[in-house]
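Shown below: final.cif, with mmCIF, C-alpha atoms.
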```
data_coords
#
loop_
_atom_site.label_atom_id
_atom_site.label_comp_id
_atom_site.auth_asym_id
_atom_site.auth_seq_id
_atom_site.Cartn_x
_atom_site.Cartn_y
_atom_site.Cartn_z
CA MET T 1 134.74 82.14 134.92
CA ALA T 2 135.03 84.70 132.13
CA GLU T 3 135.33 88.27 133.32
CA ALA T 4 133.25 91.03 131.77
CA PRO T 5 135.24 93.83 130.14
CA ALA T 6 135.73 96.69 132.56
CA GLU T 7 134.15 99.27 130.25
CA ARG T 8 130.92 97.27 130.23
CA LEU T 9 130.99 96.75 133.99
CA LEU T 10 130.54 100.47 134.61
CA ASP T 11 128.13 101.15 131.76
CA GLY T 12 124.68 102.31 132.83
CA GLY T 13 123.00 100.43 130.00
CA ALA T 14 121.95 96.79 130.09
CA ASP T 15 121.53 93.95 127.60
CA GLU T 16 118.96 91.15 127.79
CA ILE T 17 121.13 88.98 130.08
CA GLU T 18 121.65 91.92 132.43
CA ARG T 19 117.94 92.70 132.53
CA ALA T 20 117.16 89.09 133.41
CA ALA T 21 119.60 89.26 136.32
CA GLU T 22 118.03 92.55 137.47
CA ALA T 23 114.48 91.19 137.43
CA ALA T 24 114.83 89.40 140.77
CA LEU T 25 116.19 92.55 142.44
CA ARG T 26 113.55 95.04 141.30
CA PRO T 27 111.26 96.52 143.99
CA ARG T 28 107.57 95.78 143.44
CA ARG T 29 105.90 98.74 145.18
CA LEU T 30 106.63 102.44 145.62
CA GLU T 31 107.41 102.05 149.34
CA GLU T 32 110.15 99.54 148.44
CA PHE T 33 111.78 101.88 145.91
CA VAL T 34 114.91 103.50 147.36
CA GLY T 35 115.86 107.07 146.46
CA GLN T 36 114.23 109.59 144.09
CA LYS T 37 112.05 110.88 146.96
CA THR T 38 110.58 113.80 145.02
CA VAL T 39 109.54 111.67 142.06
CA ARG T 40 108.19 108.96 144.36
CA ASP T 41 106.05 111.41 146.33
CA GLN T 42 104.70 113.09 143.21
CA LEU T 43 103.98 109.81 141.48
CA SER T 44 102.26 108.43 144.58
CA LEU T 45 99.87 111.38 144.58
CA VAL T 46 99.08 110.97 140.88
CA LEU T 47 98.38 107.24 141.18
CA HIS T 48 96.41 107.26 144.42
CA ALA T 49 94.28 110.23 143.32
CA ALA T 50 93.37 108.37 140.11
CA LEU T 51 92.55 105.22 142.07
CA GLY T 52 90.34 107.24 144.41
CA ARG T 53 88.41 108.64 141.45
CA GLY T 54 88.11 105.22 139.86
CA GLY T 55 89.78 106.41 136.65
CA THR T 56 93.11 106.17 134.87
CA PRO T 57 95.95 108.54 135.82
CA ASP T 58 97.69 110.94 133.47
CA HIS T 59 100.30 109.61 131.10
CA VAL T 60 103.77 109.52 132.67
CA LEU T 61 107.15 110.51 131.19
CA LEU T 62 110.32 109.43 133.03
CA SER T 63 113.66 110.88 132.01
CA GLY T 64 117.22 110.53 133.24
CA PRO T 65 120.47 108.64 132.63
CA PRO T 66 120.36 104.85 132.18
CA GLY T 67 120.32 102.56 135.19
CA LEU T 68 118.42 104.79 137.63
CA GLY T 69 115.10 102.92 137.71
CA LYS T 70 112.84 104.15 134.90
CA THR T 71 111.80 100.63 133.86
CA THR T 72 111.35 99.64 137.50
CA LEU T 73 109.05 102.62 138.10
CA ALA T 74 106.98 101.66 135.05
CA MET T 75 106.50 98.18 136.52
CA ILE T 76 105.62 99.71 139.89
CA ILE T 77 103.00 101.97 138.26
CA ALA T 78 101.27 98.92 136.81
CA ALA T 79 101.47 97.11 140.15
CA GLU T 80 100.07 100.10 142.08
CA LEU T 81 97.18 100.37 139.62
CA GLY T 82 96.54 96.62 139.83
CA THR T 83 96.82 96.15 136.09
CA SER T 84 99.17 94.52 133.60
CA LEU T 85 102.14 96.06 131.81
CA ARG T 86 102.74 95.99 128.07
CA VAL T 87 106.39 96.64 127.19
CA THR T 88 107.83 97.90 123.92
CA SER T 89 110.54 100.34 122.82
CA GLY T 90 111.00 103.17 120.38
CA PRO T 91 113.51 101.36 118.12
CA ALA T 92 111.17 98.34 117.87
CA ILE T 93 108.35 100.45 116.42
CA THR T 94 109.46 101.34 112.90
CA HIS T 95 106.04 101.92 111.33
CA ALA T 96 102.74 103.40 112.46
CA GLY T 97 101.17 100.00 111.87
CA ASP T 98 103.44 98.43 114.50
CA LEU T 99 102.16 100.87 117.11
CA ALA T 100 98.55 100.53 115.95
CA ALA T 101 98.77 96.77 116.47
CA VAL T 102 100.02 97.24 120.03
CA LEU T 103 97.45 99.92 120.88
CA SER T 104 94.50 97.98 119.47
CA SER T 105 95.31 95.01 121.70
CA LEU T 106 95.40 97.01 124.96
CA GLU T 107 92.80 96.36 127.62
CA GLU T 108 91.12 99.02 129.72
CA GLY T 109 93.43 100.55 132.31
CA GLU T 110 96.49 98.70 131.02
CA VAL T 111 99.91 100.37 131.20
CA LEU T 112 101.86 100.73 127.95
CA PHE T 113 105.58 101.23 128.62
CA ILE T 114 107.63 102.65 125.72
CA ASP T 115 111.34 102.61 126.47
CA GLU T 116 113.61 105.05 124.62
CA ILE T 117 110.51 106.83 123.41
CA HIS T 118 112.57 109.57 121.76
CA ARG T 119 113.57 107.02 119.09
CA LEU T 120 110.02 106.47 117.82
CA ALA T 121 109.58 106.82 114.07
CA ARG T 122 107.80 110.04 113.07
CA PRO T 123 104.64 108.33 111.67
CA ALA T 124 104.33 106.34 114.92
CA GLU T 125 104.72 109.55 116.96
CA GLU T 126 101.81 111.18 115.15
CA LEU T 127 99.66 108.12 115.75
CA LEU T 128 100.58 108.13 119.43
CA TYR T 129 99.48 111.79 119.76
CA MET T 130 95.91 110.89 118.88
CA ALA T 131 95.90 107.68 120.93
CA MET T 132 97.08 109.44 124.11
CA GLU T 133 94.76 112.42 123.76
CA ASP T 134 91.57 111.01 122.25
CA PHE T 135 91.98 107.25 122.88
CA ARG T 136 91.48 106.43 119.23
CA VAL T 137 93.56 105.66 116.15
CA ASP T 138 92.77 105.97 112.47
CA VAL T 139 93.50 102.76 110.59
CA VAL T 140 94.17 103.42 106.89
CA VAL T 141 92.65 100.83 104.56
CA GLY T 142 93.75 100.63 100.93
CA LYS T 143 96.29 102.67 98.98
CA GLY T 144 96.25 105.67 96.71
CA PRO T 145 93.11 107.69 95.94
CA GLY T 146 90.88 104.87 97.14
CA ALA T 147 92.42 104.72 100.63
CA SER T 148 90.16 105.47 103.57
CA ALA T 149 90.73 106.00 107.30
CA ILE T 150 88.63 104.00 109.71
CA PRO T 151 88.56 105.39 113.28
CA LEU T 152 89.18 102.74 115.92
CA ALA T 153 88.23 103.52 119.54
CA LEU T 154 90.71 102.51 122.23
CA PRO T 155 90.00 101.73 125.88
CA PRO T 156 91.49 104.22 128.36
CA PHE T 157 95.12 103.27 129.02
CA VAL T 158 98.20 104.76 130.68
CA ALA T 159 101.24 105.50 128.52
CA VAL T 160 104.57 105.51 130.37
CA GLY T 161 107.49 106.78 128.33
CA ALA T 162 111.15 106.50 129.34
CA THR T 163 113.96 108.46 127.75
CA THR T 164 117.61 109.12 128.40
CA ARG T 165 117.50 112.18 126.11
CA ALA T 166 114.41 114.22 126.90
CA GLY T 167 115.63 117.07 124.71
CA LEU T 168 115.08 114.94 121.60
CA LEU T 169 111.36 114.51 122.30
CA PRO T 170 109.20 116.71 120.05
CA ALA T 171 107.16 119.26 121.98
CA PRO T 172 103.74 117.90 120.86
CA LEU T 173 104.59 114.48 122.28
CA ARG T 174 106.12 115.84 125.48
CA ASP T 175 103.08 118.02 126.14
CA ARG T 176 100.73 115.03 126.10
CA PHE T 177 102.29 113.59 129.26
CA GLY T 178 100.44 114.86 132.32
CA PHE T 179 103.27 113.99 134.69
CA THR T 180 106.99 114.28 133.97
CA GLY T 181 109.59 112.99 136.43
CA HIS T 182 113.35 113.37 136.12
CA LEU T 183 115.53 110.80 137.90
CA ASP T 184 118.82 112.03 139.36
CA PHE T 185 121.95 110.14 140.33
CA TYR T 186 121.88 108.51 143.79
CA ASP T 187 124.08 109.49 146.71
CA ALA T 188 126.23 106.93 148.51
CA SER T 189 123.85 106.38 151.44
CA GLU T 190 120.96 105.57 149.09
CA LEU T 191 123.13 103.15 147.13
CA GLU T 192 124.09 101.42 150.38
CA GLN T 193 120.39 100.80 151.05
CA VAL T 194 119.98 99.42 147.54
CA LEU T 195 122.98 97.11 148.00
CA VAL T 196 121.89 95.77 151.39
CA ARG T 197 118.42 95.02 150.03
CA SER T 198 119.84 93.35 146.91
CA ALA T 199 122.25 91.24 148.95
CA GLY T 200 119.34 89.98 151.03
CA LEU T 201 117.44 89.02 147.87
CA LEU T 202 120.54 87.19 146.64
CA GLY T 203 120.59 85.18 149.85
CA THR T 204 123.74 86.67 151.36
CA VAL T 205 124.75 89.29 153.93
CA LEU T 206 126.66 92.39 152.88
CA GLU T 207 128.68 94.00 155.64
CA HIS T 208 128.27 97.74 156.14
CA ASP T 209 131.82 98.76 155.24
CA ALA T 210 131.71 96.60 152.11
CA ALA T 211 128.42 98.24 151.09
CA ALA T 212 129.99 101.67 151.55
CA GLU T 213 133.01 100.64 149.46
CA ILE T 214 130.87 99.37 146.57
CA ALA T 215 128.51 102.35 146.75
CA GLY T 216 131.39 104.79 146.50
CA ARG T 217 132.53 103.24 143.23
CA SER T 218 129.12 102.84 141.57
CA ARG T 219 128.85 106.23 139.84
CA GLY T 220 125.60 107.02 141.61
CA THR T 221 123.77 104.34 139.59
CA PRO T 222 121.86 101.43 141.18
CA ARG T 223 122.32 99.22 138.11
CA ILE T 224 126.10 99.55 138.37
CA ALA T 225 125.96 99.02 142.16
CA ASN T 226 124.04 95.76 141.75
CA ARG T 227 126.41 94.65 139.00
CA LEU T 228 129.45 95.26 141.20
CA LEU T 229 127.71 93.47 144.08
CA ARG T 230 127.36 90.34 141.94
CA ARG T 231 131.06 90.51 141.02
CA VAL T 232 132.03 90.86 144.70
CA ARG T 233 129.83 87.86 145.51
CA ASP T 234 131.62 85.88 142.76
CA TRP T 235 135.02 86.78 144.20
CA ALA T 236 133.97 85.86 147.73
CA GLN T 237 132.66 82.52 146.50
CA VAL T 238 135.66 81.55 144.35
CA ARG T 239 138.66 83.19 146.03
CA GLY T 240 137.42 84.23 149.46
CA ASP T 241 135.63 82.63 152.38
CA GLY T 242 132.13 83.46 151.14
CA ARG T 243 131.78 86.59 153.30
CA LEU T 244 130.95 89.87 151.59
CA ASP T 245 133.23 92.02 153.70
CA LEU T 246 135.53 94.97 152.98
CA ARG T 247 138.41 92.69 151.98
CA ALA T 248 136.27 90.88 149.40
CA ALA T 249 134.88 94.15 148.02
CA ARG T 250 138.29 95.76 147.56
CA ALA T 251 139.87 92.63 146.10
CA ALA T 252 137.04 92.05 143.63
CA LEU T 253 136.96 95.65 142.46
CA GLU T 254 140.72 95.57 141.99
CA VAL T 255 140.35 92.50 139.75
CA TYR T 256 137.79 94.35 137.63
CA GLU T 257 139.93 97.52 137.56
CA VAL T 258 137.39 99.78 139.27
CA ASP T 259 139.27 102.36 141.34
CA VAL T 260 138.18 104.34 144.39
CA LEU T 261 136.42 107.03 142.34
CA GLY T 262 134.63 104.53 140.14
CA LEU T 263 136.95 104.98 137.15
CA ASP T 264 137.61 101.97 134.94
CA ARG T 265 140.38 101.15 132.49
CA LEU T 266 139.04 103.41 129.72
CA ASP T 267 138.50 106.38 132.04
CA ARG T 268 142.04 106.17 133.38
CA ALA T 269 143.46 105.71 129.87
CA VAL T 270 141.73 108.89 128.71
CA LEU T 271 142.95 110.87 131.73
CA SER T 272 146.46 109.46 131.48
CA ALA T 273 146.74 110.30 127.78
CA LEU T 274 145.36 113.78 128.37
CA CYS T 275 147.85 114.51 131.17
CA THR T 276 151.01 112.67 130.09
CA ARG T 277 150.88 112.93 126.29
CA PHE T 278 149.21 116.28 125.81
CA GLY T 279 150.26 118.16 128.93
CA GLY T 280 146.70 118.40 130.22
CA GLY T 281 145.25 119.78 126.99
CA PRO T 282 143.46 121.31 125.33
CA VAL T 283 143.26 118.46 122.82
CA GLY T 284 140.63 117.51 120.26
CA LEU T 285 138.30 114.53 120.72
CA SER T 286 139.56 112.65 117.66
CA THR T 287 143.20 113.04 118.69
CA LEU T 288 142.42 111.88 122.22
CA ALA T 289 140.51 108.87 120.89
CA VAL T 290 143.42 107.83 118.68
CA ALA T 291 145.77 108.08 121.66
CA VAL T 292 143.72 105.56 123.66
CA GLY T 293 142.88 103.30 120.69
CA GLU T 294 139.12 103.87 120.78
CA GLU T 295 136.51 105.38 118.51
CA PRO T 296 135.68 109.06 119.19
CA GLU T 297 132.03 108.10 119.87
CA THR T 298 133.16 105.64 122.55
CA VAL T 299 135.27 108.24 124.33
CA GLU T 300 132.55 110.87 124.07
CA THR T 301 129.60 108.73 125.22
CA VAL T 302 131.23 106.20 127.58
CA ALA T 303 134.12 107.96 129.33
CA GLU T 304 133.59 111.71 129.09
CA PRO T 305 130.20 112.13 130.83
CA PHE T 306 131.43 110.67 134.11
CA LEU T 307 134.83 112.39 133.94
CA VAL T 308 133.18 115.76 133.38
CA ARG T 309 130.58 115.13 136.10
CA GLU T 310 133.33 114.26 138.59
CA GLY T 311 135.30 117.39 137.75
CA LEU T 312 138.25 115.49 136.28
CA MET T 313 137.90 116.88 132.77
CA SER T 314 136.35 119.94 131.19
CA ARG T 315 135.21 120.63 127.65
CA THR T 316 136.30 123.93 126.14
CA PRO T 317 135.92 125.43 122.64
CA ARG T 318 139.57 124.49 122.00
CA GLY T 319 139.25 120.88 123.19
CA ARG T 320 139.37 118.65 126.28
CA VAL T 321 141.31 119.87 129.31
CA ALA T 322 142.38 117.97 132.45
CA THR T 323 141.52 119.63 135.76
CA PRO T 324 143.84 119.73 138.81
CA ALA T 325 141.74 116.92 140.31
CA ALA T 326 142.70 114.67 137.38
CA TRP T 327 146.41 115.24 137.95
CA ALA T 328 145.98 114.56 141.66
CA HIS T 329 144.01 111.35 141.04
CA LEU T 330 146.76 110.03 138.76
CA GLY T 331 149.41 110.96 141.33
CA LEU T 332 151.03 113.47 138.99
CA ASP T 333 152.16 117.05 139.52
CA ALA T 334 150.08 119.52 137.56
CA PRO T 335 152.03 122.02 135.44
CA ALA T 336 152.21 125.56 136.69
#
```
Would you write the structure of this file as C-alpha cells?
Amino acid sequence: MAEAPAERLLDGGADEIERAAEAALRPRRLEEFVGQKTVRDQLSLVLHAALGRGGTPDHVLLSGPPGLGKTTLAMIIAAELGTSLRVTSGPAITHAGDLAAVLSSLEEGEVLFIDEIHRLARPAEELLYMAMEDFRVDVVVGKGPGASAIPLALPPFVAVGATTRAGLLPAPLRDRFGFTGHLDFYDASELEQVLVRSAGLLGTVLEHDAAAEIAGRSRGTPRIANRLLRRVRDWAQVRGDGRLDLRAARAALEVYEVDVLGLDRLDRAVLSALCTRFGGGPVGLSTLAVAVGEEPETVETVAEPFLVREGLMSRTPRGRVATPAAWAHLGLDAPA
C-alpha cells in the first residue's frame, strides 16, 4: 500500500479522491453536525423561519479555513429546505456566460453552492449581483453597436458561497448575503465526537483513548481527523489485530510522521532549520525555504499558518523567529 506524503496528510484541502472518501462520512442534518454551535444555531433559525413563512431564506456566506465543514453545511442547507443542490466553484466560472447558463437552469427554491467564491471572474461577479438581488440576469445578444440585453427572470433560489479568504470578496458581493457564518477550528473534545461517529460509519469501533490521541494531532480540523482515522484503520488492518486502540493510533501516526502536536515532516524541518541553522532567527522566508528545499510559497501557505497558530513561530518585520516553545518541542536549549 502506497503511503501518502506527510505534507498532504495534514493539509486541510482535498482533491476529488479525498472528497469521494468524505462523502460517506458527511452528516445529513443540522442536528448531526458536530461543533460550530453558534453557526448551527443561527443557521437553524434562518432556515426554519423561512420554511415557516413558505419562502426562500437569505443567501448564505460561509467562511473559514479549509476542512471545517463549509461544503457539508451547504449540503445540509439543501436537505433542511427539502430541495436539491447545484454545485460549482469560482475557478470553474471564467465567463459571465458560464454563470448565466447555471443560473438559468435553476429550479425554484434550489440551492446554488459556489465554492471558493472569492475566485469568481469579475464579469461573473457583476452578473451574480443582479441574480441574487433581483432574481434576473441580462443576456446579451449580438456584438458591437447592434448588441442588445434581454432580461431573463429567474426563480427564487438560495446562493450559498464558501470562501477560505473572506477578505478578498468585494464589498458589493459580500453585502448581498443575508447571513454570514465564520467557521472556527474545533477543540479536541469535538473532534473526538467526529471521530467516533466516523468510525461507526466505517463499520469499526474506535476506543476512547485512541480517539483522543488522533484528535490531539488533527490541527483542529475534522477533514484531517477523518484522514488520520482512515490511516489508523489501515495500520490496524495490515500490521495490527484490527482493533483501533491507542497502540494502533500511535504506531500509525508514527509511520506517517505526525507528532504529538500535529506537526509533520515539513513543519519540523522548518522549525529545525530555524533553530539549528539560524539560531532561532530572524530569517527571511526565501532563505528559510532554501534551507528546507521547498518553494517559499509552500513554506508560507502550508507550514507557517499552523506553526504561528500554535505559538511555535512568529513573524516579525525582520523575518521569521522561533519561540521558546519551538526550542522546547525540538528538545533543544534556547539561547539566552
* Fewer than 3 positions away in the same chain doesn't count, so skip those; otherwise give me all residues within 12 Å of Leu45 in chain T, counting all atoms listed in the file, as a PyMOL selection string. => chain T and resi 30+38-42+48-52+57-58+77+80+179
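The residues caught by the PyMOL selection byres ((chain T and resi 223) around 8) in this file are T:Gly12, T:Glu22, T:Gly67, T:Leu68, T:Thr221, T:Pro222, T:Ile224, T:Ala225, T:Asn226, T:Arg227.
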* To do: Go through the shown structure with the PyMOL selection byres ((chain T and resi 327) around 10) and write out the matching residues as an MDAnalysis selection string.
  => chainID T and resid 271:272 274:276 280 312 322:326 328:335
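If all atoms listed in the file are the atoms counted, then among T:Arg219, T:Arg53, T:Arg315, T:Arg320 the closest residue to Ala289 in chain T is T:Arg320.
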* To do: Determine the residue set returned by the PyMOL selection byres ((chain T and resi 111) around 12) for the present structure, and present it as a PyMOL selection string.
  => chain T and resi 56-60+73-88+102-103+105-110+112-114+132+155-161
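In terms of minimum interatomic distance to Asp259 in chain T, T:Gly216 ranks closest within T:Pro27, T:Gly35, T:Gly284, T:Gly216, counting all atoms listed in the file.
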Taking (118.6, 110.2, 139.6) in the coordinates of the supplied file, I want to know which residues reach to within 10 Å of it, counting all atoms listed in the file; could you give the answer as a PDB file with C-alpha atoms, in the coordinates of the input?
```pdb
ATOM      1  CA  GLY T  35     115.860 107.070 146.460  1.00  0.00           C
ATOM      2  CA  GLN T  36     114.230 109.590 144.090  1.00  0.00           C
ATOM      3  CA  LYS T  37     112.050 110.880 146.960  1.00  0.00           C
ATOM      4  CA  VAL T  39     109.540 111.670 142.060  1.00  0.00           C
ATOM      5  CA  SER T  63     113.660 110.880 132.010  1.00  0.00           C
ATOM      6  CA  GLY T  64     117.220 110.530 133.240  1.00  0.00           C
ATOM      7  CA  PRO T  65     120.470 108.640 132.630  1.00  0.00           C
ATOM      8  CA  PRO T  66     120.360 104.850 132.180  1.00  0.00           C
ATOM      9  CA  GLY T  67     120.320 102.560 135.190  1.00  0.00           C
ATOM     10  CA  LEU T  68     118.420 104.790 137.630  1.00  0.00           C
ATOM     11  CA  GLY T  69     115.100 102.920 137.710  1.00  0.00           C
ATOM     12  CA  LYS T  70     112.840 104.150 134.900  1.00  0.00           C
ATOM     13  CA  GLY T 181     109.590 112.990 136.430  1.00  0.00           C
ATOM     14  CA  HIS T 182     113.350 113.370 136.120  1.00  0.00           C
ATOM     15  CA  LEU T 183     115.530 110.800 137.900  1.00  0.00           C
ATOM     16  CA  ASP T 184     118.820 112.030 139.360  1.00  0.00           C
ATOM     17  CA  PHE T 185     121.950 110.140 140.330  1.00  0.00           C
ATOM     18  CA  TYR T 186     121.880 108.510 143.790  1.00  0.00           C
ATOM     19  CA  ASP T 187     124.080 109.490 146.710  1.00  0.00           C
ATOM     20  CA  GLY T 220     125.600 107.020 141.610  1.00  0.00           C
ATOM     21  CA  THR T 221     123.770 104.340 139.590  1.00  0.00           C
ATOM     22  CA  PRO T 222     121.860 101.430 141.180  1.00  0.00           C
TER      23      PRO T 222
END
```
* Do you have the CA of Leu253 in chain T-CA of Gly311 in chain T distance handy? ->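 Atom-to-atom, CA of Leu253 in chain T and CA of Gly311 in chain T are spaced 22.3 Å apart.
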* Asked: So how many Å separate CA of Gly97 in chain T and CA of Leu154 in chain T, to one decimal?
  -> 14.9 Å
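Nearest to Glu192 in chain T of all the residues T:Leu244, T:Val292, T:Leu61, T:Val34 is T:Val34, based on only C-alpha atoms.
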* 10 Å contact set for Val255 in chain T, all atoms listed in the file, chain neighbours under 2 positions out, as a PyMOL selection string -> chain T and resi 3+6+231-232+235+250-253+257-258
Could those residues be written to a file, using C-alpha atoms, as a tab-separated table (two decimals), in the coordinates of the input?
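Written output follows (again_24.tsv):
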```tsv
chain	number	residue	atom	x	y	z
T	3	GLU	CA	135.33	88.27	133.32
T	6	ALA	CA	135.73	96.69	132.56
T	231	ARG	CA	131.06	90.51	141.02
T	232	VAL	CA	132.03	90.86	144.70
T	235	TRP	CA	135.02	86.78	144.20
T	250	ARG	CA	138.29	95.76	147.56
T	251	ALA	CA	139.87	92.63	146.10
T	252	ALA	CA	137.04	92.05	143.63
T	253	LEU	CA	136.96	95.65	142.46
T	257	GLU	CA	139.93	97.52	137.56
T	258	VAL	CA	137.39	99.78	139.27
```
* Asked: Contacts of Gly167 in chain T at 12 Å or less, counting all atoms listed in the file, minus same-chain residues fewer than 4 places along, as a list in words?
  -> Ser63, Gly64, Ile117, His118, Arg119, Thr163, Ala171, Leu173 and Arg174 of chain T
* Structure fact -> The residue from T:Pro305, T:Pro317, T:Gly178, T:Pro170 with the smallest atom-to-atom distance to Gly281 in chain T, counting only C-alpha atoms, is T:Pro317
* **Shortest interatomic distance to Val194 in chain T - which of T:Val308, T:Ala212, T:Leu169, T:Val270, counting all atoms listed in the file** =>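 The shortest atom-to-atom distance to Val194 in chain T comes from T:Ala212.
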Got a moment to write range 306-330 of chain T out with N, CA and C atoms, as a compact mmCIF listing (two decimals), in the first residue's frame?
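That gives us part21.txt:
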```txt
# COMPACT_ATOMS: atom_id res chain seq x y z
N PHE T 306 0.06 27.01 10.64
CA PHE T 306 -0.13 26.18 11.83
C PHE T 306 0.96 26.46 12.87
N LEU T 307 2.20 26.68 12.43
CA LEU T 307 3.28 26.95 13.37
C LEU T 307 3.03 28.27 14.11
N VAL T 308 2.53 29.27 13.41
CA VAL T 308 2.23 30.54 14.05
C VAL T 308 1.05 30.39 15.00
N ARG T 309 0.01 29.66 14.55
CA ARG T 309 -1.18 29.48 15.38
C ARG T 309 -0.86 28.73 16.67
N GLU T 310 0.10 27.79 16.60
CA GLU T 310 0.47 27.02 17.79
C GLU T 310 1.52 27.71 18.65
N GLY T 311 1.93 28.92 18.25
CA GLY T 311 2.90 29.65 19.05
C GLY T 311 4.30 29.12 18.95
N LEU T 312 4.63 28.42 17.86
CA LEU T 312 5.98 27.89 17.68
C LEU T 312 6.86 28.81 16.84
N MET T 313 6.23 29.72 16.13
CA MET T 313 6.97 30.65 15.27
C MET T 313 6.23 31.98 15.27
N SER T 314 6.97 33.04 15.11
CA SER T 314 6.34 34.36 14.97
C SER T 314 6.93 35.06 13.76
N ARG T 315 6.09 35.90 13.14
CA ARG T 315 6.53 36.71 12.01
C ARG T 315 6.83 38.12 12.50
N THR T 316 7.99 38.61 12.17
CA THR T 316 8.38 39.97 12.56
C THR T 316 8.79 40.73 11.30
N PRO T 317 8.90 42.06 11.39
CA PRO T 317 9.35 42.83 10.21
C PRO T 317 10.72 42.40 9.70
N ARG T 318 11.54 41.82 10.58
CA ARG T 318 12.89 41.39 10.17
C ARG T 318 12.93 39.96 9.66
N GLY T 319 11.86 39.19 9.87
CA GLY T 319 11.85 37.81 9.40
C GLY T 319 11.17 36.88 10.39
N ARG T 320 11.34 35.56 10.15
CA ARG T 320 10.71 34.55 11.00
C ARG T 320 11.58 34.27 12.21
N VAL T 321 10.90 34.11 13.37
CA VAL T 321 11.61 33.89 14.63
C VAL T 321 11.00 32.69 15.35
N ALA T 322 11.85 31.81 15.88
CA ALA T 322 11.38 30.67 16.66
C ALA T 322 11.07 31.13 18.09
N THR T 323 9.98 30.62 18.65
CA THR T 323 9.61 30.96 20.02
C THR T 323 10.24 29.95 20.98
N PRO T 324 10.25 30.23 22.28
CA PRO T 324 10.76 29.24 23.24
C PRO T 324 10.05 27.90 23.14
N ALA T 325 8.75 27.90 22.78
CA ALA T 325 8.02 26.64 22.65
C ALA T 325 8.59 25.79 21.53
N ALA T 326 9.10 26.41 20.47
CA ALA T 326 9.70 25.66 19.37
C ALA T 326 10.97 24.95 19.83
N TRP T 327 11.82 25.66 20.56
CA TRP T 327 13.04 25.03 21.07
C TRP T 327 12.69 23.86 21.99
N ALA T 328 11.70 24.05 22.86
CA ALA T 328 11.31 23.00 23.78
C ALA T 328 10.75 21.79 23.03
N HIS T 329 9.96 22.04 21.99
CA HIS T 329 9.37 20.91 21.25
C HIS T 329 10.44 20.08 20.54
N LEU T 330 11.50 20.75 20.07
CA LEU T 330 12.59 20.04 19.41
C LEU T 330 13.58 19.43 20.40
```
